[in-house]
file my_file-v3.tsv (TSV, C-alpha atoms)
chain	number	residue	atom	x	y	z
P	1	MET	CA	112.15	99.53	120.22
P	2	PRO	CA	110.35	100.32	123.50
P	3	GLY	CA	106.91	98.84	124.12
P	4	TYR	CA	105.39	102.32	124.25
P	5	ALA	CA	106.60	103.33	120.78
P	6	ASP	CA	103.06	103.39	119.39
P	7	THR	CA	101.79	105.64	122.21
P	8	LYS	CA	104.88	107.79	122.69
P	9	ASP	CA	103.16	111.00	121.58
P	10	ALA	CA	100.29	110.45	124.00
P	11	HIS	CA	102.72	109.83	126.87
P	12	VAL	CA	104.71	112.97	126.02
P	13	LYS	CA	101.51	115.02	125.85
P	14	ARG	CA	100.36	113.67	129.20
P	15	MET	CA	103.72	114.34	130.84
P	16	ARG	CA	103.69	117.91	129.57
P	17	ARG	CA	100.24	118.38	131.06
P	18	ILE	CA	101.54	117.01	134.38
P	19	GLU	CA	104.53	119.34	134.14
P	20	GLY	CA	102.09	122.24	133.83
P	21	GLN	CA	100.18	121.00	136.87
P	22	VAL	CA	103.40	120.93	138.89
P	23	ARG	CA	104.24	124.48	137.83
P	24	GLY	CA	100.72	125.45	138.90
P	25	ILE	CA	101.32	123.95	142.34
P	26	THR	CA	104.53	125.96	142.65
P	27	LYS	CA	102.60	129.13	141.85
P	28	MET	CA	99.92	128.18	144.37
P	29	ILE	CA	102.55	127.84	147.09
P	30	GLU	CA	104.23	131.09	146.07
P	31	SER	CA	100.83	132.79	146.26
P	32	ASP	CA	100.10	131.37	149.72
P	33	LYS	CA	97.02	129.43	148.57
P	34	TYR	CA	95.03	127.40	151.07
P	35	CYS	CA	96.86	124.22	152.15
P	36	ILE	CA	94.01	121.87	151.27
P	37	ASP	CA	93.77	123.31	147.76
P	38	VAL	CA	97.50	122.73	147.24
P	39	LEU	CA	97.25	119.20	148.63
P	40	THR	CA	94.34	118.48	146.30
P	41	GLN	CA	96.49	119.44	143.32
P	42	VAL	CA	99.41	117.36	144.61
P	43	ALA	CA	97.08	114.36	144.84
P	44	ALA	CA	95.91	115.00	141.27
P	45	VAL	CA	99.51	115.06	140.01
P	46	ASN	CA	100.29	111.85	141.88
P	47	LYS	CA	97.28	110.13	140.28
P	48	ALA	CA	98.26	111.42	136.83
P	49	LEU	CA	101.82	110.11	137.24
P	50	GLU	CA	100.47	106.80	138.49
P	51	ALA	CA	98.30	106.52	135.37
P	52	VAL	CA	101.32	107.14	133.13
P	53	ALA	CA	103.34	104.56	135.06
P	54	LEU	CA	100.58	101.95	134.82
P	55	GLY	CA	100.21	102.59	131.11
P	56	LEU	CA	103.94	102.17	130.54
P	57	LEU	CA	103.96	99.02	132.66
P	58	ASP	CA	101.04	97.57	130.72
P	59	GLU	CA	102.80	98.25	127.43
P	60	HIS	CA	106.03	96.76	128.79
P	61	LEU	CA	104.22	93.58	129.78
P	62	LYS	CA	102.39	93.29	126.46
P	63	HIS	CA	105.48	93.85	124.33
P	64	CYS	CA	108.82	93.39	126.04
P	65	VAL	CA	107.87	90.70	128.54
P	66	ALA	CA	105.61	88.82	126.13
P	67	ASP	CA	108.32	88.81	123.44
P	68	ALA	CA	110.91	87.63	125.96
P	69	ALA	CA	108.57	84.92	127.23
P	70	THR	CA	108.21	83.64	123.69
P	71	GLU	CA	111.99	83.60	123.37
P	72	GLY	CA	112.32	81.82	126.72
P	73	GLY	CA	115.46	81.13	128.71
P	74	THR	CA	117.42	83.69	130.69
P	75	VAL	CA	116.06	86.60	128.63
P	76	ALA	CA	112.53	85.75	129.74
P	77	GLU	CA	113.61	85.34	133.35
P	78	GLU	CA	115.36	88.72	133.32
P	79	LYS	CA	112.37	90.54	131.80
P	80	ILE	CA	110.04	88.98	134.36
P	81	ARG	CA	112.41	89.99	137.17
P	82	GLU	CA	112.52	93.56	135.81
P	83	ALA	CA	108.73	93.73	135.58
P	84	SER	CA	108.33	92.36	139.10
P	85	ALA	CA	110.78	94.94	140.45
P	86	ALA	CA	108.96	97.74	138.62
P	87	ILE	CA	105.63	96.59	140.05
P	88	ALA	CA	107.12	96.45	143.53
P	89	ARG	CA	108.40	100.03	143.17
P	90	LEU	CA	104.97	101.22	142.04
P	91	VAL	CA	103.22	99.45	144.91
P	92	ARG	CA	105.60	100.96	147.48
P	93	SER	CA	105.20	104.50	146.18

call {"tool": "encode", "arguments": {"input": "my_file-v3.tsv", "output": "structure tokens"}}
result
Amino acid sequence: MPGYADTKDAHVKRMRRIEGQVRGITKMIESDKYCIDVLTQVAAVNKALEAVALGLLDEHLKHCVADAATEGGTVAEEKIREASAAIARLVRS
């Protein structure tokens, strides 16, 4: 079971809201809205996606990584490697 199982509905709701924001940006571009206004909305979507990603990462650390650390061995090492790689991807983006 994924670490976000308890908050799945909230994540889905948030992603749908972000999806609506992205559609709004498309409409803004189609309507030739002012560049800065479009960029402001793009920044808002980026921040919203970042918040979802950080929430998922937090839940992954609290559940999947913590459980694996308790188990120990190669499972723990693999989960820590996965988490480190995910953090690195988030930092680079």

call {"tool": "closest_residue", "arguments": {"input": "my_file-v3.tsv", "among": "P:Val45, P:Lys79, P:Gly24, P:Arg92", "to": "His63 of chain P", "atoms": "all atoms listed in the file"}}
result
P:Lys79

call {"tool": "atom_distance", "arguments": {"input": "my_file-v3.tsv", "atom1": "atom CA of Val52 of chain P", "atom2": "atom CA of Ala10 of chain P"}}
result
9.8 Å

call {"tool": "residues_around", "arguments": {"input": "my_file-v3.tsv", "residues": "Glu82 of chain P", "least_positions_apart": "3", "cutoff": "12 Å", "atoms": "all atoms listed in the file", "output": "VMD selection string"}}
result
chain P and resid 57 60 to 61 64 to 65 68 75 to 79 85 to 89

call {"tool": "residues_around", "arguments": {"input": "my_file-v3.tsv", "residues": "Glu50 of chain P", "least_positions_apart": "2", "cutoff": "12 Å", "atoms": "all atoms listed in the file", "output": "PyMOL selection string"}}
result
chain P and resi 14-15+18+43-48+52-57+87+89-93

call {"tool": "atom_distance", "arguments": {"input": "my_file-v3.tsv", "atom1": "atom CA of Lys62 of chain P", "atom2": "atom CA of Val12 of chain P"}}
result
19.8 Å

call {"tool": "axis_aligned_box", "arguments": {"input": "my_file-v3.tsv", "around": "segment 73-89 of chain P", "padding_each_side": "3 Å", "output": "AutoDock Vina command-line options"}}
result
--center_x 111.5 --center_y 90.6 --center_z 136.1 --size_x 17.8 --size_y 24.9 --size_z 20.9

call {"tool": "closest_residue", "arguments": {"input": "my_file-v3.tsv", "among": "P:Cys35, P:Leu49, P:Ala83, P:Met1", "to": "Glu19 of chain P", "atoms": "all atoms listed in the file"}}
result
P:Leu49

call {"tool": "atom_distance", "arguments": {"input": "my_file-v3.tsv", "atom1": "atom CA of Glu30 of chain P", "atom2": "atom CA of Ala51 of chain P"}}
result
27.4 Å

call {"tool": "closest_residue", "arguments": {"input": "my_file-v3.tsv", "among": "P:Tyr4, P:Val38, P:Asp9, P:Ile80", "to": "Arg23 of chain P", "atoms": "only C-alpha atoms"}}
result
P:Val38

call {"tool": "closest_residue", "arguments": {"input": "my_file-v3.tsv", "among": "P:Ser84, P:Thr70, P:Gln41, P:Thr7", "to": "Gly20 of chain P", "atoms": "all atoms listed in the file"}}
result
P:Gln41
